[in-house]
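Q: Okay, so here is coords.pdb, and as you'll see once you scroll down, it has PDB, N, CA and C atoms.
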```pdb
MODEL        1
ATOM      1  N   MET A  26     102.289 110.275 102.718
ATOM      2  CA  MET A  26     103.013 111.316 102.023
ATOM      3  C   MET A  26     102.012 112.342 101.503
ATOM      4  N   ASP A  27     102.237 113.579 101.824
ATOM      5  CA  ASP A  27     101.352 114.680 101.452
ATOM      6  C   ASP A  27     101.575 115.045  99.980
ATOM      7  N   LEU A  28     100.526 114.908  99.178
ATOM      8  CA  LEU A  28     100.614 115.252  97.752
ATOM      9  C   LEU A  28     100.250 116.711  97.493
ATOM     10  N   GLY A  29      99.596 117.348  98.467
ATOM     11  CA  GLY A  29      99.202 118.741  98.312
ATOM     12  C   GLY A  29      97.697 118.898  98.389
ATOM     13  N   PRO A  30      97.209 120.117  98.186
ATOM     14  CA  PRO A  30      95.774 120.383  98.272
ATOM     15  C   PRO A  30      94.997 119.624  97.192
ATOM     16  N   GLU A  31      93.857 119.063  97.572
ATOM     17  CA  GLU A  31      93.011 118.350  96.610
ATOM     18  C   GLU A  31      92.661 119.261  95.439
ATOM     19  N   ALA A  32      92.407 120.532  95.708
ATOM     20  CA  ALA A  32      92.014 121.486  94.674
ATOM     21  C   ALA A  32      93.105 121.709  93.624
ATOM     22  N   SER A  33      94.357 121.395  93.934
ATOM     23  CA  SER A  33      95.436 121.620  92.974
ATOM     24  C   SER A  33      95.489 120.531  91.896
ATOM     25  N   PHE A  34      94.687 119.477  92.053
ATOM     26  CA  PHE A  34      94.638 118.401  91.063
ATOM     27  C   PHE A  34      93.311 118.479  90.320
ATOM     28  N   SER A  35      93.191 119.476  89.454
ATOM     29  CA  SER A  35      91.927 119.712  88.753
ATOM     30  C   SER A  35      91.740 118.786  87.558
ATOM     31  N   LYS A  36      92.829 118.236  87.017
ATOM     32  CA  LYS A  36      92.742 117.343  85.857
ATOM     33  C   LYS A  36      93.369 116.011  86.214
ATOM     34  N   LEU A  37      92.568 114.942  86.069
ATOM     35  CA  LEU A  37      93.058 113.592  86.353
ATOM     36  C   LEU A  37      92.960 112.751  85.086
ATOM     37  N   PRO A  38      93.847 111.802  84.893
ATOM     38  CA  PRO A  38      94.950 111.440  85.771
ATOM     39  C   PRO A  38      96.028 112.519  85.773
ATOM     40  N   ALA A  39      96.703 112.632  86.911
ATOM     41  CA  ALA A  39      97.758 113.628  87.068
ATOM     42  C   ALA A  39      99.073 112.913  87.369
ATOM     43  N   PRO A  40     100.137 113.256  86.643
ATOM     44  CA  PRO A  40     101.437 112.663  86.963
ATOM     45  C   PRO A  40     101.943 113.172  88.310
ATOM     46  N   VAL A  41     102.516 112.254  89.097
ATOM     47  CA  VAL A  41     103.050 112.585  90.417
ATOM     48  C   VAL A  41     104.391 111.874  90.566
ATOM     49  N   SER A  42     105.358 112.561  91.128
ATOM     50  CA  SER A  42     106.662 111.950  91.401
ATOM     51  C   SER A  42     106.899 111.940  92.908
ATOM     52  N   LEU A  43     107.191 110.749  93.449
ATOM     53  CA  LEU A  43     107.482 110.600  94.871
ATOM     54  C   LEU A  43     108.689 109.689  95.034
ATOM     55  N   ARG A  44     109.627 110.110  95.870
ATOM     56  CA  ARG A  44     110.810 109.281  96.151
ATOM     57  C   ARG A  44     111.524 108.836  94.882
ATOM     58  N   GLY A  45     111.515 109.664  93.867
ATOM     59  CA  GLY A  45     112.185 109.341  92.617
ATOM     60  C   GLY A  45     111.429 108.359  91.731
ATOM     61  N   GLU A  46     110.184 108.034  92.074
ATOM     62  CA  GLU A  46     109.353 107.122  91.288
ATOM     63  C   GLU A  46     108.177 107.898  90.687
ATOM     64  N   SER A  47     107.670 107.399  89.566
ATOM     65  CA  SER A  47     106.560 108.056  88.873
ATOM     66  C   SER A  47     105.253 107.314  89.094
ATOM     67  N   TYR A  48     104.179 108.097  89.245
ATOM     68  CA  TYR A  48     102.841 107.573  89.479
ATOM     69  C   TYR A  48     101.844 108.434  88.724
ATOM     70  N   TYR A  49     100.606 107.921  88.622
ATOM     71  CA  TYR A  49      99.481 108.705  88.155
ATOM     72  C   TYR A  49      98.470 108.773  89.292
ATOM     73  N   LEU A  50      98.022 109.975  89.617
ATOM     74  CA  LEU A  50      96.937 110.144  90.569
ATOM     75  C   LEU A  50      95.643 110.000  89.790
ATOM     76  N   VAL A  51      94.781 109.075  90.245
ATOM     77  CA  VAL A  51      93.504 108.821  89.583
ATOM     78  C   VAL A  51      92.394 108.830  90.631
ATOM     79  N   ARG A  52      91.163 108.876  90.145
ATOM     80  CA  ARG A  52      90.016 108.781  91.053
ATOM     81  C   ARG A  52      88.985 107.859  90.428
ATOM     82  N   GLY A  53      88.589 106.857  91.197
ATOM     83  CA  GLY A  53      87.623 105.876  90.704
ATOM     84  C   GLY A  53      86.661 105.484  91.800
ATOM     85  N   LYS A  54      86.111 104.268  91.692
ATOM     86  CA  LYS A  54      85.141 103.755  92.664
ATOM     87  C   LYS A  54      85.705 103.714  94.076
ATOM     88  N   LYS A  55      86.998 103.485  94.202
ATOM     89  CA  LYS A  55      87.648 103.386  95.514
ATOM     90  C   LYS A  55      88.178 104.736  95.997
ATOM     91  N   GLY A  56      87.833 105.800  95.324
ATOM     92  CA  GLY A  56      88.358 107.114  95.674
ATOM     93  C   GLY A  56      89.676 107.364  94.953
ATOM     94  N   TYR A  57      90.507 108.197  95.539
ATOM     95  CA  TYR A  57      91.805 108.508  94.935
ATOM     96  C   TYR A  57      92.775 107.349  95.137
ATOM     97  N   GLN A  58      93.640 107.163  94.133
ATOM     98  CA  GLN A  58      94.726 106.185  94.213
ATOM     99  C   GLN A  58      95.921 106.713  93.441
ATOM    100  N   LEU A  59      97.095 106.239  93.812
ATOM    101  CA  LEU A  59      98.290 106.444  93.005
ATOM    102  C   LEU A  59      98.559 105.139  92.278
ATOM    103  N   LEU A  60      98.677 105.199  90.956
ATOM    104  CA  LEU A  60      99.005 104.037  90.158
ATOM    105  C   LEU A  60     100.456 104.139  89.722
ATOM    106  N   SER A  61     101.217 103.088  89.975
ATOM    107  CA  SER A  61     102.616 103.057  89.556
ATOM    108  C   SER A  61     102.689 103.056  88.034
ATOM    109  N   THR A  62     103.665 103.731  87.467
ATOM    110  CA  THR A  62     103.827 103.744  86.014
ATOM    111  C   THR A  62     104.561 102.510  85.505
ATOM    112  N   PHE A  63     104.974 101.608  86.389
ATOM    113  CA  PHE A  63     105.642 100.376  85.958
ATOM    114  C   PHE A  63     104.603  99.340  85.565
ATOM    115  N   CYS A  64     104.720  98.816  84.364
ATOM    116  CA  CYS A  64     103.796  97.795  83.878
ATOM    117  C   CYS A  64     104.001  96.506  84.676
ATOM    118  N   PRO A  65     102.904  95.881  85.141
ATOM    119  CA  PRO A  65     103.043  94.648  85.913
ATOM    120  C   PRO A  65     103.531  93.465  85.073
ATOM    121  N   HIS A  66     103.555  93.615  83.766
ATOM    122  CA  HIS A  66     103.982  92.532  82.883
ATOM    123  C   HIS A  66     105.497  92.351  82.920
ATOM    124  N   GLN A  67     106.233  93.355  82.473
ATOM    125  CA  GLN A  67     107.695  93.261  82.450
ATOM    126  C   GLN A  67     108.373  94.549  82.890
ATOM    127  N   GLY A  68     107.639  95.407  83.586
ATOM    128  CA  GLY A  68     108.250  96.599  84.162
ATOM    129  C   GLY A  68     108.463  97.758  83.218
ATOM    130  N   GLY A  69     107.843  97.731  82.025
ATOM    131  CA  GLY A  69     107.958  98.868  81.115
ATOM    132  C   GLY A  69     107.282 100.096  81.701
ATOM    133  N   GLU A  70     107.560 101.243  81.128
ATOM    134  CA  GLU A  70     106.986 102.507  81.597
ATOM    135  C   GLU A  70     105.625 102.732  80.944
ATOM    136  N   VAL A  71     104.565 102.673  81.750
ATOM    137  CA  VAL A  71     103.200 102.884  81.264
ATOM    138  C   VAL A  71     103.003 104.368  80.987
ATOM    139  N   GLU A  72     102.384 104.676  79.836
ATOM    140  CA  GLU A  72     102.177 106.061  79.412
ATOM    141  C   GLU A  72     100.686 106.372  79.324
ATOM    142  N   ASP A  73     100.334 107.625  79.576
ATOM    143  CA  ASP A  73      98.954 108.081  79.451
ATOM    144  C   ASP A  73      98.667 108.344  77.977
ATOM    145  N   GLN A  74      97.695 107.610  77.416
ATOM    146  CA  GLN A  74      97.333 107.757  76.002
ATOM    147  C   GLN A  74      96.051 108.566  75.808
ATOM    148  N   GLY A  75      95.598 109.235  76.866
ATOM    149  CA  GLY A  75      94.396 110.068  76.760
ATOM    150  C   GLY A  75      93.145 109.371  77.247
ATOM    151  N   THR A  76      92.850 108.178  76.724
ATOM    152  CA  THR A  76      91.666 107.440  77.161
ATOM    153  C   THR A  76      92.034 106.221  77.998
ATOM    154  N   SER A  77      93.307 105.876  78.027
ATOM    155  CA  SER A  77      93.792 104.747  78.821
ATOM    156  C   SER A  77      95.299 104.913  79.013
ATOM    157  N   PHE A  78      95.856 104.058  79.886
ATOM    158  CA  PHE A  78      97.300 103.973  80.022
ATOM    159  C   PHE A  78      97.757 102.815  79.139
ATOM    160  N   GLN A  79      98.964 102.933  78.571
ATOM    161  CA  GLN A  79      99.459 101.846  77.726
ATOM    162  C   GLN A  79     100.950 101.647  77.923
ATOM    163  N   CYS A  80     101.351 100.373  77.928
ATOM    164  CA  CYS A  80     102.771 100.030  77.954
ATOM    165  C   CYS A  80     103.229  99.857  76.511
ATOM    166  N   PRO A  81     104.186 100.668  76.057
ATOM    167  CA  PRO A  81     104.613 100.579  74.665
ATOM    168  C   PRO A  81     105.389  99.293  74.344
ATOM    169  N   GLN A  82     105.877  98.581  75.348
ATOM    170  CA  GLN A  82     106.665  97.370  75.081
ATOM    171  C   GLN A  82     105.835  96.243  74.467
ATOM    172  N   HIS A  83     104.641  96.003  75.023
ATOM    173  CA  HIS A  83     103.830  94.894  74.533
ATOM    174  C   HIS A  83     102.366  95.266  74.302
ATOM    175  N   GLY A  84     102.035  96.539  74.450
ATOM    176  CA  GLY A  84     100.692  97.007  74.123
ATOM    177  C   GLY A  84      99.625  96.783  75.172
ATOM    178  N   TRP A  85     100.024  96.376  76.386
ATOM    179  CA  TRP A  85      99.003  96.218  77.420
ATOM    180  C   TRP A  85      98.389  97.584  77.716
ATOM    181  N   ARG A  86      97.048  97.627  77.806
ATOM    182  CA  ARG A  86      96.335  98.863  78.111
ATOM    183  C   ARG A  86      95.606  98.708  79.444
ATOM    184  N   PHE A  87      95.535  99.815  80.173
ATOM    185  CA  PHE A  87      94.910  99.841  81.493
ATOM    186  C   PHE A  87      93.939 101.004  81.552
ATOM    187  N   GLU A  88      92.770 100.767  82.179
ATOM    188  CA  GLU A  88      91.795 101.846  82.251
ATOM    189  C   GLU A  88      92.246 102.904  83.266
ATOM    190  N   HIS A  89      91.722 104.105  83.090
ATOM    191  CA  HIS A  89      92.196 105.284  83.821
ATOM    192  C   HIS A  89      91.825 105.360  85.289
ATOM    193  N   THR A  90      90.763 104.715  85.740
ATOM    194  CA  THR A  90      90.313 104.963  87.106
ATOM    195  C   THR A  90      90.787 103.947  88.136
ATOM    196  N   GLU A  91      91.027 102.696  87.715
ATOM    197  CA  GLU A  91      91.448 101.656  88.669
ATOM    198  C   GLU A  91      92.743 100.970  88.243
ATOM    199  N   GLY A  92      93.199 101.209  86.998
ATOM    200  CA  GLY A  92      94.434 100.584  86.524
ATOM    201  C   GLY A  92      94.287  99.126  86.133
ATOM    202  N   VAL A  93      93.057  98.696  85.773
ATOM    203  CA  VAL A  93      92.796  97.313  85.390
ATOM    204  C   VAL A  93      93.129  97.130  83.914
ATOM    205  N   CYS A  94      93.809  96.018  83.586
ATOM    206  CA  CYS A  94      94.167  95.713  82.200
ATOM    207  C   CYS A  94      92.899  95.431  81.401
ATOM    208  N   VAL A  95      92.768  96.056  80.234
ATOM    209  CA  VAL A  95      91.561  95.906  79.423
ATOM    210  C   VAL A  95      91.766  95.068  78.171
ATOM    211  N   ASN A  96      92.989  94.673  77.864
ATOM    212  CA  ASN A  96      93.222  93.909  76.643
ATOM    213  C   ASN A  96      94.179  92.734  76.847
ATOM    214  N   GLY A  97      94.291  92.274  78.059
ATOM    215  CA  GLY A  97      95.199  91.169  78.323
ATOM    216  C   GLY A  97      94.700  90.343  79.487
ATOM    217  N   PRO A  98      95.618  89.733  80.191
ATOM    218  CA  PRO A  98      95.228  88.872  81.311
ATOM    219  C   PRO A  98      94.659  89.678  82.477
ATOM    220  N   ASN A  99      94.222  88.975  83.484
ATOM    221  CA  ASN A  99      93.683  89.595  84.686
ATOM    222  C   ASN A  99      94.830  90.255  85.456
ATOM    223  N   ALA A 100      95.153  91.476  85.074
ATOM    224  CA  ALA A 100      96.268  92.204  85.687
ATOM    225  C   ALA A 100      95.831  93.625  85.965
ATOM    226  N   ARG A 101      96.571  94.284  86.836
ATOM    227  CA  ARG A 101      96.301  95.701  87.091
ATOM    228  C   ARG A 101      97.589  96.375  87.518
ATOM    229  N   MET A 102      97.605  97.687  87.367
ATOM    230  CA  MET A 102      98.752  98.485  87.790
ATOM    231  C   MET A 102      98.811  98.477  89.318
ATOM    232  N   ILE A 103     100.002  98.560  89.864
ATOM    233  CA  ILE A 103     100.165  98.619  91.316
ATOM    234  C   ILE A 103      99.528  99.918  91.806
ATOM    235  N   ALA A 104      98.686  99.810  92.835
ATOM    236  CA  ALA A 104      97.928 100.970  93.322
ATOM    237  C   ALA A 104      98.157 101.184  94.808
ATOM    238  N   TYR A 105      98.210 102.452  95.201
ATOM    239  CA  TYR A 105      98.317 102.847  96.603
ATOM    240  C   TYR A 105      97.157 103.782  96.920
ATOM    241  N   PRO A 106      96.463 103.554  98.026
ATOM    242  CA  PRO A 106      95.335 104.425  98.374
ATOM    243  C   PRO A 106      95.787 105.840  98.728
ATOM    244  N   VAL A 107      94.912 106.778  98.446
ATOM    245  CA  VAL A 107      95.157 108.182  98.770
ATOM    246  C   VAL A 107      93.936 108.689  99.527
ATOM    247  N   ALA A 108      94.150 109.208 100.711
ATOM    248  CA  ALA A 108      93.067 109.729 101.554
ATOM    249  C   ALA A 108      92.997 111.250 101.432
ATOM    250  N   VAL A 109      91.816 111.789 101.695
ATOM    251  CA  VAL A 109      91.633 113.239 101.756
ATOM    252  C   VAL A 109      91.530 113.599 103.232
ATOM    253  N   ARG A 110      92.477 114.420 103.683
ATOM    254  CA  ARG A 110      92.482 114.865 105.084
ATOM    255  C   ARG A 110      92.620 116.379 105.117
ATOM    256  N   GLU A 111      91.590 117.006 105.666
ATOM    257  CA  GLU A 111      91.575 118.464 105.784
ATOM    258  C   GLU A 111      91.888 119.145 104.451
ATOM    259  N   GLY A 112      91.309 118.592 103.365
ATOM    260  CA  GLY A 112      91.464 119.185 102.049
ATOM    261  C   GLY A 112      92.768 118.849 101.347
ATOM    262  N   ARG A 113      93.597 117.986 101.944
ATOM    263  CA  ARG A 113      94.875 117.606 101.347
ATOM    264  C   ARG A 113      94.849 116.132 100.978
ATOM    265  N   LEU A 114      95.561 115.774  99.924
ATOM    266  CA  LEU A 114      95.661 114.386  99.507
ATOM    267  C   LEU A 114      96.882 113.756 100.150
ATOM    268  N   ILE A 115      96.655 112.643 100.855
ATOM    269  CA  ILE A 115      97.721 111.958 101.593
ATOM    270  C   ILE A 115      97.835 110.540 101.032
ATOM    271  N   ALA A 116      98.960 110.235 100.400
ATOM    272  CA  ALA A 116      99.209 108.898  99.846
ATOM    273  C   ALA A 116      99.646 107.966 100.971
ATOM    274  N   GLU A 117      99.021 106.808 101.025
ATOM    275  CA  GLU A 117      99.350 105.806 102.028
ATOM    276  C   GLU A 117     100.352 104.840 101.416
ATOM    277  N   MET A 118     101.621 105.241 101.490
ATOM    278  CA  MET A 118     102.726 104.482 100.879
ATOM    279  C   MET A 118     103.458 103.694 101.936
ATOM    280  N   PRO A 119     104.027 102.538 101.563
ATOM    281  CA  PRO A 119     104.864 101.805 102.520
ATOM    282  C   PRO A 119     106.123 102.608 102.828
ATOM    283  N   PRO A 120     106.731 102.372 104.002
ATOM    284  CA  PRO A 120     107.953 103.107 104.340
ATOM    285  C   PRO A 120     109.058 102.858 103.318
ATOM    286  N   ALA A 121     109.855 103.858 103.092
ATOM    287  CA  ALA A 121     110.963 103.732 102.121
ATOM    288  C   ALA A 121     112.081 102.869 102.670
TER     289      ALA A 121
ENDMDL
END
```
Let me see whether you can do it: turn the structure in this file into structure tokens.
A:
Amino acid sequence: MDLGPEASFSKLPAPVSLRGESYYLVRGKKGYQLLSTFCPHQGGEVEDQGTSFQCPQHGWRFEHTEGVCVNGPNARMIAYPVAVREGRLIAEMPPA
């Protein structure tokens, strides 16, 4: 799925909506990724708190670049790889 020109995402994390679902576009050691806003704990809506993502339901926090939980169990946000092709960001999502 084409997210648009790489240059149009000057500030990360960036909120992205695809197929009626919400994600955050991030960039870390693995390059660009889309992180689902659904908390892996109980499906709450993860919010950007400036320095990390946080689920308001139970306080789980996730770091900004890979979506790894920093204050709870070994958990992470669901992530989808994003490739750069000819200057455009292409999310590698499973078929709908």
Q: Counting only C-alpha atoms, figure out which residue out of A:Met26, A:Ile115, A:Met102, A:Leu60 gets nearest to A:Arg44.
A: A:Met26
Q: Written as JSON, numbers by chain, which residues does the PyMOL selection byres ((chain A and resi 71-85) around 7) give for the file shown?
A: {"A": [61, 62, 63, 64, 68, 69, 70, 86, 87, 88, 89, 94, 95, 96, 97]}
Q: Which value, in Å to one decimal, gives the distance between atom C of A:Gly53 and atom N of A:Gln67?
A: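 Straight-line distance from atom C of A:Gly53 to atom N of A:Gln67 works out to 24.8 Å.
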Q: Residues near A:Pro65, anyone? I mean within 8 Å using only C-alpha atoms, not counting same-chain ones fewer than 6 positions away, as a PyMOL selection string.
A: chain A and resi 100-103
Q: If we count only N, CA and C atoms, what is near A:Ala39 at a cut-off of 6.5 Å, once residues fewer than 4 positions away on the same chain are taken out, given as a PyMOL selection string?
A: chain A and resi 48-51
Q: Go ahead and write the residues just picked, N, CA and C atoms, as a PDB file, in the frame of the given file.
A:
```pdb
ATOM      1  N   TYR A  48     104.179 108.097  89.245  1.00  0.00           N
ATOM      2  CA  TYR A  48     102.841 107.573  89.479  1.00  0.00           C
ATOM      3  C   TYR A  48     101.844 108.434  88.724  1.00  0.00           C
ATOM      4  N   TYR A  49     100.606 107.921  88.622  1.00  0.00           N
ATOM      5  CA  TYR A  49      99.481 108.705  88.155  1.00  0.00           C
ATOM      6  C   TYR A  49      98.470 108.773  89.292  1.00  0.00           C
ATOM      7  N   LEU A  50      98.022 109.975  89.617  1.00  0.00           N
ATOM      8  CA  LEU A  50      96.937 110.144  90.569  1.00  0.00           C
ATOM      9  C   LEU A  50      95.643 110.000  89.790  1.00  0.00           C
ATOM     10  N   VAL A  51      94.781 109.075  90.245  1.00  0.00           N
ATOM     11  CA  VAL A  51      93.504 108.821  89.583  1.00  0.00           C
ATOM     12  C   VAL A  51      92.394 108.830  90.631  1.00  0.00           C
TER      13      VAL A  51
END
```
Q: Looking at A:Ser47, A:Asn99, A:Gln58, A:Thr90, which one is nearest to A:Ala116, with distances taken over all atoms listed in the file?
A: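 Looking at the shortest contact to A:Ala116, the residue is A:Gln58.
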Q: Running DSSP on the backbone, which parts of chain A land in strand (DSSP E or B), as a PyMOL selection string?
A: chain A and resi 27-30+39-43+46-53+56-61+63+70+72-73+78-79+86-87+93-94+101+104-110+113-116
Q: Take the selection from the previous step and output its residues with N, CA and C atoms, as a tab-separated table (two decimals), in the coordinates of the input.
A:
```tsv
chain	number	residue	atom	x	y	z
A	27	ASP	N	102.24	113.58	101.82
A	27	ASP	CA	101.35	114.68	101.45
A	27	ASP	C	101.58	115.04	99.98
A	28	LEU	N	100.53	114.91	99.18
A	28	LEU	CA	100.61	115.25	97.75
A	28	LEU	C	100.25	116.71	97.49
A	29	GLY	N	99.60	117.35	98.47
A	29	GLY	CA	99.20	118.74	98.31
A	29	GLY	C	97.70	118.90	98.39
A	30	PRO	N	97.21	120.12	98.19
A	30	PRO	CA	95.77	120.38	98.27
A	30	PRO	C	95.00	119.62	97.19
A	39	ALA	N	96.70	112.63	86.91
A	39	ALA	CA	97.76	113.63	87.07
A	39	ALA	C	99.07	112.91	87.37
A	40	PRO	N	100.14	113.26	86.64
A	40	PRO	CA	101.44	112.66	86.96
A	40	PRO	C	101.94	113.17	88.31
A	41	VAL	N	102.52	112.25	89.10
A	41	VAL	CA	103.05	112.58	90.42
A	41	VAL	C	104.39	111.87	90.57
A	42	SER	N	105.36	112.56	91.13
A	42	SER	CA	106.66	111.95	91.40
A	42	SER	C	106.90	111.94	92.91
A	43	LEU	N	107.19	110.75	93.45
A	43	LEU	CA	107.48	110.60	94.87
A	43	LEU	C	108.69	109.69	95.03
A	46	GLU	N	110.18	108.03	92.07
A	46	GLU	CA	109.35	107.12	91.29
A	46	GLU	C	108.18	107.90	90.69
A	47	SER	N	107.67	107.40	89.57
A	47	SER	CA	106.56	108.06	88.87
A	47	SER	C	105.25	107.31	89.09
A	48	TYR	N	104.18	108.10	89.24
A	48	TYR	CA	102.84	107.57	89.48
A	48	TYR	C	101.84	108.43	88.72
A	49	TYR	N	100.61	107.92	88.62
A	49	TYR	CA	99.48	108.70	88.16
A	49	TYR	C	98.47	108.77	89.29
A	50	LEU	N	98.02	109.98	89.62
A	50	LEU	CA	96.94	110.14	90.57
A	50	LEU	C	95.64	110.00	89.79
A	51	VAL	N	94.78	109.08	90.24
A	51	VAL	CA	93.50	108.82	89.58
A	51	VAL	C	92.39	108.83	90.63
A	52	ARG	N	91.16	108.88	90.14
A	52	ARG	CA	90.02	108.78	91.05
A	52	ARG	C	88.98	107.86	90.43
A	53	GLY	N	88.59	106.86	91.20
A	53	GLY	CA	87.62	105.88	90.70
A	53	GLY	C	86.66	105.48	91.80
A	56	GLY	N	87.83	105.80	95.32
A	56	GLY	CA	88.36	107.11	95.67
A	56	GLY	C	89.68	107.36	94.95
A	57	TYR	N	90.51	108.20	95.54
A	57	TYR	CA	91.80	108.51	94.94
A	57	TYR	C	92.78	107.35	95.14
A	58	GLN	N	93.64	107.16	94.13
A	58	GLN	CA	94.73	106.18	94.21
A	58	GLN	C	95.92	106.71	93.44
A	59	LEU	N	97.10	106.24	93.81
A	59	LEU	CA	98.29	106.44	93.00
A	59	LEU	C	98.56	105.14	92.28
A	60	LEU	N	98.68	105.20	90.96
A	60	LEU	CA	99.00	104.04	90.16
A	60	LEU	C	100.46	104.14	89.72
A	61	SER	N	101.22	103.09	89.98
A	61	SER	CA	102.62	103.06	89.56
A	61	SER	C	102.69	103.06	88.03
A	63	PHE	N	104.97	101.61	86.39
A	63	PHE	CA	105.64	100.38	85.96
A	63	PHE	C	104.60	99.34	85.56
A	70	GLU	N	107.56	101.24	81.13
A	70	GLU	CA	106.99	102.51	81.60
A	70	GLU	C	105.62	102.73	80.94
A	72	GLU	N	102.38	104.68	79.84
A	72	GLU	CA	102.18	106.06	79.41
A	72	GLU	C	100.69	106.37	79.32
A	73	ASP	N	100.33	107.62	79.58
A	73	ASP	CA	98.95	108.08	79.45
A	73	ASP	C	98.67	108.34	77.98
A	78	PHE	N	95.86	104.06	79.89
A	78	PHE	CA	97.30	103.97	80.02
A	78	PHE	C	97.76	102.82	79.14
A	79	GLN	N	98.96	102.93	78.57
A	79	GLN	CA	99.46	101.85	77.73
A	79	GLN	C	100.95	101.65	77.92
A	86	ARG	N	97.05	97.63	77.81
A	86	ARG	CA	96.34	98.86	78.11
A	86	ARG	C	95.61	98.71	79.44
A	87	PHE	N	95.54	99.82	80.17
A	87	PHE	CA	94.91	99.84	81.49
A	87	PHE	C	93.94	101.00	81.55
A	93	VAL	N	93.06	98.70	85.77
A	93	VAL	CA	92.80	97.31	85.39
A	93	VAL	C	93.13	97.13	83.91
A	94	CYS	N	93.81	96.02	83.59
A	94	CYS	CA	94.17	95.71	82.20
A	94	CYS	C	92.90	95.43	81.40
A	101	ARG	N	96.57	94.28	86.84
A	101	ARG	CA	96.30	95.70	87.09
A	101	ARG	C	97.59	96.38	87.52
A	104	ALA	N	98.69	99.81	92.84
A	104	ALA	CA	97.93	100.97	93.32
A	104	ALA	C	98.16	101.18	94.81
A	105	TYR	N	98.21	102.45	95.20
A	105	TYR	CA	98.32	102.85	96.60
A	105	TYR	C	97.16	103.78	96.92
A	106	PRO	N	96.46	103.55	98.03
A	106	PRO	CA	95.34	104.42	98.37
A	106	PRO	C	95.79	105.84	98.73
A	107	VAL	N	94.91	106.78	98.45
A	107	VAL	CA	95.16	108.18	98.77
A	107	VAL	C	93.94	108.69	99.53
A	108	ALA	N	94.15	109.21	100.71
A	108	ALA	CA	93.07	109.73	101.55
A	108	ALA	C	93.00	111.25	101.43
A	109	VAL	N	91.82	111.79	101.70
A	109	VAL	CA	91.63	113.24	101.76
A	109	VAL	C	91.53	113.60	103.23
A	110	ARG	N	92.48	114.42	103.68
A	110	ARG	CA	92.48	114.86	105.08
A	110	ARG	C	92.62	116.38	105.12
A	113	ARG	N	93.60	117.99	101.94
A	113	ARG	CA	94.88	117.61	101.35
A	113	ARG	C	94.85	116.13	100.98
A	114	LEU	N	95.56	115.77	99.92
A	114	LEU	CA	95.66	114.39	99.51
A	114	LEU	C	96.88	113.76	100.15
A	115	ILE	N	96.66	112.64	100.86
A	115	ILE	CA	97.72	111.96	101.59
A	115	ILE	C	97.84	110.54	101.03
A	116	ALA	N	98.96	110.24	100.40
A	116	ALA	CA	99.21	108.90	99.85
A	116	ALA	C	99.65	107.97	100.97
```
Q: When you draw a straight line from atom C of A:Ala121 to atom CA of A:Ala32, how long is it in Å?
A: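 The value is 28.5 Å.
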Q: Between atom N of A:Gly56 and atom C of A:Val109, what distance in Å does the model show, to one decimal?
A: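 These atoms are spaced 11.7 Å apart.
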Q: Might I get the box with edges along x, y and z of the file that holds all atoms of stretch 87-97 of chain A listed there, padded by 5 Å on every side, given as centre and edge lengths in Å to one decimal, as lines of an AutoDock Vina configuration file?
A:
```
center_x = 92.9
center_y = 97.9
center_z = 82.7
size_x = 15.2
size_y = 25.0
size_z = 22.0
```
Q: Name the residues captured by the PyMOL selection byres ((chain A and resi 112) around 6) when it is applied to the shown file; answer as a PDB file with N, CA and C atoms, in the frame of the given file.
A:
```
ATOM      1  N   GLY A  29      99.596 117.348  98.467  1.00  0.00           N
ATOM      2  CA  GLY A  29      99.202 118.741  98.312  1.00  0.00           C
ATOM      3  C   GLY A  29      97.697 118.898  98.389  1.00  0.00           C
ATOM      4  N   PRO A  30      97.209 120.117  98.186  1.00  0.00           N
ATOM      5  CA  PRO A  30      95.774 120.383  98.272  1.00  0.00           C
ATOM      6  C   PRO A  30      94.997 119.624  97.192  1.00  0.00           C
ATOM      7  N   GLU A  31      93.857 119.063  97.572  1.00  0.00           N
ATOM      8  CA  GLU A  31      93.011 118.350  96.610  1.00  0.00           C
ATOM      9  C   GLU A  31      92.661 119.261  95.439  1.00  0.00           C
ATOM     10  N   ALA A  32      92.407 120.532  95.708  1.00  0.00           N
ATOM     11  CA  ALA A  32      92.014 121.486  94.674  1.00  0.00           C
ATOM     12  C   ALA A  32      93.105 121.709  93.624  1.00  0.00           C
ATOM     13  N   VAL A 109      91.816 111.789 101.695  1.00  0.00           N
ATOM     14  CA  VAL A 109      91.633 113.239 101.756  1.00  0.00           C
ATOM     15  C   VAL A 109      91.530 113.599 103.232  1.00  0.00           C
ATOM     16  N   ARG A 110      92.477 114.420 103.683  1.00  0.00           N
ATOM     17  CA  ARG A 110      92.482 114.865 105.084  1.00  0.00           C
ATOM     18  C   ARG A 110      92.620 116.379 105.117  1.00  0.00           C
ATOM     19  N   GLU A 111      91.590 117.006 105.666  1.00  0.00           N
ATOM     20  CA  GLU A 111      91.575 118.464 105.784  1.00  0.00           C
ATOM     21  C   GLU A 111      91.888 119.145 104.451  1.00  0.00           C
ATOM     22  N   ARG A 113      93.597 117.986 101.944  1.00  0.00           N
ATOM     23  CA  ARG A 113      94.875 117.606 101.347  1.00  0.00           C
ATOM     24  C   ARG A 113      94.849 116.132 100.978  1.00  0.00           C
ATOM     25  N   LEU A 114      95.561 115.774  99.924  1.00  0.00           N
ATOM     26  CA  LEU A 114      95.661 114.386  99.507  1.00  0.00           C
ATOM     27  C   LEU A 114      96.882 113.756 100.150  1.00  0.00           C
TER      28      LEU A 114
END
```
Q: Give the answer as one residue: which of A:Leu28, A:Pro98, A:Ala104, A:Leu37 has the shortest atom-to-atom distance to A:Arg52, using all atoms listed in the file?
A: A:Leu37
